[in-house]
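work_26.tsv (TSV, C-alpha atoms) appears below.
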```tsv
chain	number	residue	atom	x	y	z
A	1	MET	CA	0.00	0.00	0.00
A	2	GLY	CA	1.39	3.44	-0.99
A	3	LYS	CA	2.15	6.25	1.41
A	4	LYS	CA	-0.81	8.54	2.15
A	5	ASP	CA	-0.70	11.98	0.55
A	6	ILE	CA	-0.63	14.82	3.06
A	7	LEU	CA	-2.64	17.95	2.25
A	8	THR	CA	-1.53	21.12	4.01
A	9	PHE	CA	-3.79	24.17	4.21
A	10	ALA	CA	-1.98	27.49	4.82
A	11	ILE	CA	-2.78	31.17	5.40
A	12	GLU	CA	-0.24	33.96	4.81
A	13	SER	CA	-1.19	37.44	6.06
A	14	SER	CA	2.03	38.94	7.42
A	15	CYS	CA	1.97	42.15	5.35
A	16	ASP	CA	-0.30	43.26	2.49
A	17	GLU	CA	-1.17	39.99	0.76
A	18	THR	CA	-4.06	37.80	1.91
A	19	SER	CA	-3.14	34.37	0.61
A	20	VAL	CA	-4.53	30.87	1.11
A	21	ALA	CA	-3.06	27.69	-0.40
A	22	ILE	CA	-3.48	23.93	-0.36
A	23	VAL	CA	-0.33	21.96	-1.10
A	24	LYS	CA	0.12	18.19	-1.48
A	25	ASN	CA	3.17	16.54	0.12
A	26	GLY	CA	4.94	19.86	0.57
A	27	ARG	CA	5.74	20.39	-3.10
A	28	GLU	CA	2.65	20.12	-5.31
A	29	VAL	CA	0.41	23.21	-5.33
A	30	LEU	CA	-3.30	22.43	-5.66
A	31	SER	CA	-4.28	26.07	-5.14
A	32	ASN	CA	-2.49	29.28	-4.20
A	33	ILE	CA	-4.84	32.28	-4.11
A	34	ILE	CA	-3.31	35.72	-3.51
A	35	ALA	CA	-5.36	38.87	-2.89
A	36	THR	CA	-2.84	41.70	-3.07
A	37	GLN	CA	-3.32	45.19	-1.64
A	38	ILE	CA	-0.53	46.90	-3.64
A	39	ASP	CA	-2.89	49.33	-5.40
A	40	ILE	CA	-4.45	50.35	-2.07
A	41	HIS	CA	-1.09	51.20	-0.45
A	42	LYS	CA	0.49	52.78	-3.57
A	43	LYS	CA	-0.91	56.22	-2.83
A	44	TYR	CA	0.73	56.17	0.62
A	45	GLY	CA	4.15	55.15	-0.76
A	46	GLY	CA	4.25	52.05	1.46
A	47	VAL	CA	2.13	49.66	3.52
A	48	VAL	CA	-0.15	51.24	6.15
A	49	PRO	CA	-0.53	48.55	8.88
A	50	GLU	CA	-4.08	49.44	9.99
A	51	ILE	CA	-5.39	49.48	6.41
A	52	ALA	CA	-3.62	46.17	5.69
A	53	SER	CA	-5.26	44.51	8.73
A	54	ARG	CA	-8.75	45.71	7.81
A	55	ASN	CA	-8.34	44.42	4.25
A	56	HIS	CA	-7.21	41.01	5.52
A	57	VAL	CA	-10.41	40.80	7.60
A	58	GLU	CA	-12.49	41.66	4.54
A	59	ASN	CA	-10.66	39.27	2.18
A	60	ILE	CA	-9.90	36.17	4.25
A	61	THR	CA	-13.25	34.33	3.94
A	62	TYR	CA	-13.45	34.79	0.16
A	63	VAL	CA	-9.83	33.74	-0.37
A	64	ILE	CA	-10.31	30.57	1.73
A	65	LYS	CA	-13.45	29.67	-0.26
A	66	GLU	CA	-11.66	30.20	-3.59
A	67	ALA	CA	-8.61	28.14	-2.50
A	68	ILE	CA	-10.78	25.18	-1.46
A	69	GLU	CA	-12.82	25.34	-4.68
A	70	LYS	CA	-9.74	25.57	-6.90
A	71	ALA	CA	-8.02	22.64	-5.12
A	72	ASN	CA	-11.25	20.64	-5.52
A	73	VAL	CA	-11.05	19.23	-1.99
A	74	SER	CA	-13.24	19.44	1.10
A	75	LEU	CA	-12.09	20.75	4.48
A	76	ASN	CA	-12.26	17.20	5.83
A	77	ASP	CA	-9.62	16.13	3.25
A	78	ILE	CA	-7.09	18.55	4.81
A	79	ASP	CA	-4.47	16.92	7.08
A	80	VAL	CA	-2.68	19.97	8.51
A	81	ILE	CA	-3.76	23.60	9.08
A	82	SER	CA	-1.00	26.22	9.12
A	83	CYS	CA	-0.31	29.94	8.98
A	84	THR	CA	2.42	32.55	9.34
A	85	TYR	CA	2.77	33.78	12.94
A	86	GLY	CA	5.82	36.04	12.53
A	87	PRO	CA	7.65	38.15	11.68
A	88	GLY	CA	5.34	40.77	10.16
A	89	LEU	CA	2.75	43.41	11.02
A	90	VAL	CA	1.10	42.29	14.24
A	91	GLY	CA	-2.48	43.19	13.25
A	92	ALA	CA	-2.10	41.54	9.86
A	93	LEU	CA	-0.57	38.39	11.36
A	94	LEU	CA	-3.40	38.07	13.90
A	95	VAL	CA	-6.04	37.85	11.15
A	96	GLY	CA	-4.43	34.76	9.59
A	97	LEU	CA	-3.40	33.26	12.93
A	98	SER	CA	-6.84	33.50	14.58
A	99	THR	CA	-8.54	32.15	11.44
A	100	ALA	CA	-6.15	29.18	11.12
A	101	LYS	CA	-6.41	28.32	14.82
A	102	ALA	CA	-10.22	28.46	14.72
A	103	MET	CA	-10.28	26.18	11.68
A	104	ALA	CA	-7.80	23.69	13.16
A	105	TYR	CA	-9.78	23.57	16.42
A	106	ALA	CA	-13.16	23.20	14.71
A	107	LEU	CA	-11.89	20.50	12.33
A	108	ASN	CA	-9.75	18.78	14.99
A	109	LYS	CA	-6.64	18.97	12.77
A	110	PRO	CA	-2.95	19.42	13.71
A	111	PHE	CA	-1.96	23.12	13.75
A	112	VAL	CA	1.45	24.46	12.65
A	113	GLY	CA	2.63	28.07	13.00
A	114	VAL	CA	5.30	28.95	10.42
A	115	HIS	CA	8.13	31.48	10.42
A	116	HIS	CA	7.68	33.81	7.43
A	117	ILE	CA	11.33	33.63	6.29
A	118	GLU	CA	11.39	29.83	6.59
A	119	GLY	CA	8.36	29.96	4.29
A	120	HIS	CA	10.28	32.03	1.72
A	121	ILE	CA	13.09	29.47	1.79
A	122	ALA	CA	10.58	26.62	1.30
A	123	ALA	CA	9.22	28.29	-1.86
A	124	ASN	CA	12.23	26.76	-3.61
A	125	TYR	CA	10.97	23.22	-2.81
A	126	ILE	CA	7.85	23.86	-4.87
A	127	THR	CA	9.73	25.09	-7.95
A	128	HIS	CA	12.64	22.61	-7.62
A	129	LYS	CA	11.43	19.11	-6.79
A	130	ASP	CA	15.06	17.92	-6.59
A	131	LEU	CA	16.27	20.44	-3.99
A	132	ARG	CA	17.34	18.90	-0.68
A	133	PRO	CA	19.24	20.45	2.25
A	134	PRO	CA	21.98	21.32	3.07
A	135	TYR	CA	22.46	24.50	1.02
A	136	LEU	CA	22.97	28.23	1.38
A	137	CYS	CA	19.96	30.53	0.97
A	138	LEU	CA	20.06	34.28	0.42
A	139	VAL	CA	16.73	35.68	1.67
A	140	VAL	CA	16.11	39.16	0.24
A	141	SER	CA	12.81	40.98	0.63
A	142	GLY	CA	11.20	44.25	1.71
A	143	GLY	CA	11.69	43.45	5.38
A	144	HIS	CA	14.54	40.94	5.44
A	145	SER	CA	18.09	40.38	4.23
A	146	HIS	CA	19.50	37.13	5.61
A	147	LEU	CA	22.20	34.69	4.62
A	148	VAL	CA	21.01	31.33	5.94
A	149	HIS	CA	22.66	27.92	6.15
A	150	VAL	CA	19.74	25.52	5.59
A	151	LYS	CA	21.07	22.46	7.44
A	152	ASP	CA	17.83	20.51	7.24
A	153	TYR	CA	14.18	21.20	6.39
A	154	THR	CA	13.57	22.60	9.89
A	155	HIS	CA	17.10	23.50	11.02
A	156	PHE	CA	18.49	26.92	10.06
A	157	GLU	CA	21.57	28.92	10.99
A	158	VAL	CA	21.70	32.65	10.21
A	159	LEU	CA	25.23	33.42	9.00
A	160	GLY	CA	24.68	37.11	8.31
A	161	LYS	CA	21.94	39.73	8.18
A	162	THR	CA	21.46	43.41	7.46
A	163	ARG	CA	22.51	45.87	10.15
A	164	ASP	CA	20.16	48.56	8.88
A	165	ASP	CA	17.84	48.57	5.84
A	166	ALA	CA	16.61	45.39	4.19
A	167	VAL	CA	17.35	45.20	0.45
A	168	GLY	CA	13.74	45.67	-0.65
A	169	GLU	CA	13.36	48.57	1.78
A	170	ALA	CA	16.41	50.26	0.21
A	171	PHE	CA	14.89	49.75	-3.27
A	172	ASP	CA	11.61	51.34	-2.12
A	173	LYS	CA	13.28	54.33	-0.44
A	174	VAL	CA	15.56	54.99	-3.42
A	175	ALA	CA	12.61	54.73	-5.84
A	176	ARG	CA	10.60	57.15	-3.70
A	177	THR	CA	13.49	59.67	-3.70
A	178	MET	CA	13.66	59.47	-7.50
A	179	GLY	CA	9.87	59.88	-7.76
A	180	LEU	CA	9.39	56.45	-9.34
A	181	GLY	CA	6.53	55.18	-7.16
A	182	TYR	CA	5.91	52.07	-5.07
A	183	PRO	CA	6.94	49.24	-4.95
A	184	GLY	CA	10.45	50.28	-6.01
A	185	GLY	CA	12.07	46.95	-6.91
A	186	PRO	CA	10.31	46.15	-10.22
A	187	ILE	CA	10.55	49.80	-11.42
A	188	ILE	CA	14.29	50.09	-10.68
A	189	ASP	CA	14.94	46.67	-12.27
A	190	LYS	CA	13.16	47.78	-15.45
A	191	LEU	CA	14.90	51.19	-15.74
A	192	ALA	CA	18.32	49.71	-14.91
A	193	LYS	CA	18.09	47.59	-18.09
A	194	GLU	CA	18.18	50.89	-20.10
A	195	GLY	CA	21.08	52.35	-18.11
A	196	THR	CA	24.83	52.02	-17.52
A	197	PRO	CA	26.23	51.70	-13.98
A	198	ARG	CA	28.45	54.80	-14.21
A	199	TYR	CA	27.76	56.39	-10.80
A	200	ASN	CA	30.25	55.35	-8.12
A	201	LEU	CA	28.28	54.17	-5.09
A	202	PRO	CA	29.76	52.81	-1.83
A	203	ARG	CA	29.85	49.09	-0.98
A	204	THR	CA	29.90	48.32	2.74
A	205	HIS	CA	31.74	45.19	3.86
A	206	PHE	CA	32.26	43.73	7.33
A	207	GLU	CA	34.63	41.10	8.65
A	208	ASN	CA	31.65	38.81	9.21
A	209	LEU	CA	28.80	38.04	6.77
A	210	ASP	CA	26.50	40.93	7.73
A	211	PHE	CA	25.13	43.43	5.20
A	212	SER	CA	24.52	47.18	5.22
A	213	PHE	CA	22.53	49.12	2.63
A	214	SER	CA	21.99	52.49	4.30
A	215	GLY	CA	25.26	53.89	2.86
A	216	ILE	CA	24.28	53.01	-0.72
A	217	LYS	CA	20.78	54.41	-0.13
A	218	THR	CA	22.11	57.68	1.36
A	219	ALA	CA	24.61	58.10	-1.50
A	220	VAL	CA	21.75	57.79	-4.03
A	221	ILE	CA	19.59	60.28	-2.12
A	222	ASN	CA	22.51	62.77	-1.98
A	223	LEU	CA	23.13	62.37	-5.73
A	224	VAL	CA	19.45	63.04	-6.50
A	225	HIS	CA	19.52	66.26	-4.45
A	226	LYS	CA	22.90	67.39	-5.81
A	227	GLU	CA	22.46	66.58	-9.53
A	228	GLY	CA	18.77	67.44	-9.89
A	229	ASP	CA	17.68	67.53	-13.54
A	230	ASN	CA	21.21	66.59	-14.72
A	231	LEU	CA	20.77	63.13	-13.28
A	232	ASN	CA	20.36	60.15	-15.60
A	233	ILE	CA	17.73	58.07	-13.77
A	234	ASN	CA	18.37	54.90	-15.80
A	235	ASP	CA	22.11	55.06	-15.09
A	236	LEU	CA	21.49	55.67	-11.40
A	237	CYS	CA	19.10	52.69	-11.23
A	238	ALA	CA	21.76	50.50	-12.92
A	239	SER	CA	24.45	51.79	-10.53
A	240	PHE	CA	22.30	51.19	-7.46
A	241	GLU	CA	21.30	47.69	-8.58
A	242	GLU	CA	24.93	46.77	-9.30
A	243	ALA	CA	26.18	48.08	-5.92
A	244	VAL	CA	23.51	46.20	-3.94
A	245	THR	CA	24.10	42.97	-5.88
A	246	ASP	CA	27.89	43.24	-5.41
A	247	VAL	CA	27.42	43.41	-1.63
A	248	LEU	CA	25.02	40.45	-1.60
A	249	LEU	CA	27.09	38.17	-3.81
A	250	ASP	CA	30.42	38.92	-2.15
A	251	ASN	CA	28.99	37.46	1.06
A	252	VAL	CA	27.44	34.52	-0.78
A	253	VAL	CA	30.88	33.59	-2.14
A	254	LYS	CA	32.50	33.94	1.30
A	255	ALA	CA	29.83	31.73	2.91
A	256	ILE	CA	29.99	29.06	0.19
A	257	GLU	CA	33.77	28.82	0.56
A	258	GLU	CA	33.63	28.74	4.38
A	259	LEU	CA	31.01	25.97	4.48
A	260	ASN	CA	32.14	24.12	1.35
A	261	LEU	CA	28.59	23.97	-0.04
A	262	ASP	CA	27.72	23.28	-3.69
A	263	LYS	CA	24.14	24.62	-3.74
A	264	VAL	CA	22.83	28.15	-3.31
A	265	ALA	CA	19.23	29.39	-3.41
A	266	ILE	CA	17.65	32.83	-3.31
A	267	ALA	CA	14.23	33.62	-1.85
A	268	GLY	CA	11.98	36.56	-0.99
A	269	GLY	CA	10.50	39.38	-3.05
A	270	VAL	CA	13.85	40.68	-4.31
A	271	SER	CA	14.70	37.20	-5.67
A	272	ALA	CA	12.40	38.17	-8.57
A	273	ASN	CA	14.99	40.79	-9.58
A	274	LYS	CA	16.25	39.76	-13.04
A	275	TYR	CA	19.70	41.34	-12.63
A	276	LEU	CA	20.26	39.48	-9.34
A	277	ARG	CA	19.24	36.20	-11.01
A	278	GLU	CA	21.61	36.80	-13.94
A	279	ARG	CA	24.51	37.58	-11.61
A	280	MET	CA	23.68	34.54	-9.47
A	281	GLU	CA	23.69	32.28	-12.54
A	282	LYS	CA	27.08	33.69	-13.55
A	283	LEU	CA	28.43	33.16	-10.04
A	284	GLY	CA	27.14	29.57	-10.17
A	285	LYS	CA	29.11	28.87	-13.34
A	286	GLU	CA	32.29	30.49	-11.95
A	287	HIS	CA	32.17	28.53	-8.66
A	288	ASN	CA	30.60	25.30	-9.92
A	289	LEU	CA	27.42	25.81	-7.89
A	290	LYS	CA	23.87	24.68	-8.48
A	291	VAL	CA	21.67	27.80	-8.33
A	292	TYR	CA	17.99	27.74	-7.35
A	293	TYR	CA	15.28	30.42	-7.21
A	294	PRO	CA	11.48	30.23	-7.03
A	295	GLU	CA	9.20	31.02	-9.97
A	296	PHE	CA	8.08	34.66	-9.90
A	297	ILE	CA	4.66	34.07	-8.26
A	298	LEU	CA	6.39	32.34	-5.32
A	299	CYS	CA	8.95	35.13	-4.73
A	300	THR	CA	6.47	37.56	-3.17
A	301	ASP	CA	4.36	36.65	-0.13
A	302	ASN	CA	2.12	33.65	-0.76
A	303	ALA	CA	0.57	30.82	1.24
A	304	ALA	CA	1.97	27.93	-0.86
A	305	MET	CA	5.45	28.55	0.58
A	306	ILE	CA	3.96	28.56	4.12
A	307	ALA	CA	2.21	25.24	3.40
A	308	SER	CA	5.50	23.72	2.20
A	309	ALA	CA	7.36	24.83	5.34
A	310	ALA	CA	4.47	23.62	7.53
A	311	TYR	CA	4.54	20.19	5.88
A	312	TYR	CA	8.19	19.66	6.86
A	313	ASN	CA	7.50	20.91	10.40
A	314	TYR	CA	4.59	18.49	10.62
A	315	LEU	CA	6.79	15.56	9.47
A	316	ALA	CA	9.37	16.56	12.11
A	317	GLY	CA	6.66	16.57	14.81
A	318	LYS	CA	6.91	20.35	15.30
A	319	LEU	CA	3.28	21.22	16.01
A	320	SER	CA	2.01	24.44	17.61
A	321	ASN	CA	-0.16	24.92	20.69
A	322	TRP	CA	-3.45	26.83	20.86
A	323	ASP	CA	-1.78	29.63	22.85
A	324	LEU	CA	0.54	30.51	19.93
A	325	ASN	CA	0.55	34.29	19.48
A	326	ALA	CA	1.69	36.60	16.67
A	327	VAL	CA	5.37	37.55	17.06
A	328	PRO	CA	6.12	40.62	14.89
A	329	ASN	CA	9.92	40.42	15.41
A	330	LEU	CA	10.30	36.63	15.39
A	331	LYS	CA	13.89	35.57	14.64
A	332	ILE	CA	14.60	32.73	12.24
A	333	GLY	CA	15.32	29.47	14.05
A	334	GLU	CA	13.12	30.51	17.02
A	335	ALA	CA	9.98	28.96	15.54
```
Structure encoded using structure tokens:
Amino acid sequence: MGKKDILTFAIESSCDETSVAIVKNGREVLSNIIATQIDIHKKYGGVVPEIASRNHVENITYVIKEAIEKANVSLNDIDVISCTYGPGLVGALLVGLSTAKAMAYALNKPFVGVHHIEGHIAANYITHKDLRPPYLCLVVSGGHSHLVHVKDYTHFEVLGKTRDDAVGEAFDKVARTMGLGYPGGPIIDKLAKEGTPRYNLPRTHFENLDFSFSGIKTAVINLVHKEGDNLNINDLCASFEEAVTDVLLDNVVKAIEELNLDKVAIAGGVSANKYLRERMEKLGKEHNLKVYYPEFILCTDNAAMIASAAYYNYLAGKLSNWDLNAVPNLKIGEA
């Protein structure tokens, strides 16, 4: 008799996406519904926590219904109920957490709270069915910049992290200064393709594997104020993107050599950046590394990645209690 398939139901509501997914055996997506709020927050130049929370409350029931219909399963078919419980915006997290807990309790199903960053890492398991730990993962998003040694599916060691701005945050702030709108990453990536990296921007390096992006960001802001109309926006976007990527990949190389690993993955919203992917591919060829990144839909916040991470926690016996609370500043490895 074959092994029973395990269906994991997941909710992701840590920021401004209300997402619900059902994933089979941690890697096969049956449904992954994402209700984004980008257009709502655009006019504010960033996510407004209170507005995000209210929209999650409005969206969650409809998104759950759509995910179940698309997966063509009933709630009784679900084996595990999961959600993100941190890090993120506390009000937003509580919407998904309270809903998932209520469902797990009512259906008498195992409940698993998932760390948001561990979810981003797990997105790679959905795109790459062959990927197995150990490997190095560069997690780059609007709120996080981490270099993580993925020792096992549920065992992570943070080797380095940002000391100030996250990468995506730096992209957003630089885009806002240049009057390009929000979110900044996709706009800068597009304009950089038309430019030449001719502006000399600082690269901050430490003796360990930490990152810093505030110096690059401040240098761009100063250039915008100093040069005014003489500034070539496309060239500045290309220069900024190159400087940020240089800092990221220098640490990737150091970590790979220190740990003697042959696989590297990227995850998080900024992993959708085409220039970063191209440079990562080139680095892979130079250092004989296998390079992995999620498909574009799995780079930004989504529930399929949370379901994948929850599945491996469930297999490892890492279940959550009913008193689990939202933890806005949850550190990776503390889940």
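The nearest approach to His287 in chain A among the residues A:Ala10, A:Ile78, A:Ala307, A:Leu249, with all atoms listed in the file taken into account, belongs to A:Leu249.
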Please write as a PyMOL selection string the list of polymer residues whose atoms come within 12 Å of (-12.4, 29.6, -0.6), counting all atoms listed in the file and keeping to the coordinates of the file. chain A and resi 9-11+18-22+31-35+59-75
For CA of Thr245 in chain A and CA of Leu276 in chain A, quote the distance in Å rounded to one decimal. 6.2 Å
List as a ChimeraX atom specification the protein and nucleic acid residues near Tyr275 in chain A, meaning an atom at most 9 Å away when only C-alpha atoms are counted, but skip any in the same chain fewer than 6 places from it. /A:189,192-193,241-242,245
Neighbour list for Ser308 in chain A as a list in words, cut-off 8 Å, all atoms listed in the file, skip fewer than 4 positions in-chain: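 Within the cut-off, the hits are Thr8, Val23, Asn25, Gly26, Arg27, Gly119, Ala122, Ala123, Tyr125, Ile126, Ala304 and Tyr312 of chain A.
Relative to CA of Asn232 in chain A, CA of Ile187 in chain A is found at 14.9 Å.
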Have a look at A:Ala255, A:Ile306, A:Ile221, A:Leu330 and name the one nearest to Cys83 in chain A; count all atoms listed in the file. A:Ile306
Shell of 10 Å around Val148 in chain A, only C-alpha atoms, local chain residues under 3 positions omitted, as a ChimeraX atom specification: /A:117-118,121,135-139,145,151,156-161,252,255,264-266,332
Smallest atom-to-atom distance to Asp172 in chain A: which of A:Val270, A:Ile256, A:Leu283, A:Cys15, using only C-alpha atoms?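 Selected residue with least distance to Asp172 in chain A: A:Val270.
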If I put a ball of radius 12 Å at (1.7, 27.4, 22.5) in the file's coordinates, which residues poke into it when counting all atoms listed in the file, written as an NGL selection string? :A and (85 or 101 or 111-113 or 318-326 or 335)
Nearest-residue call for Glu169 in chain A, choices A:Val80, A:Gly269, A:Asn234, A:Ser98, using all atoms listed in the file: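 Among the listed residues, A:Gly269 lies closest to Glu169 in chain A.
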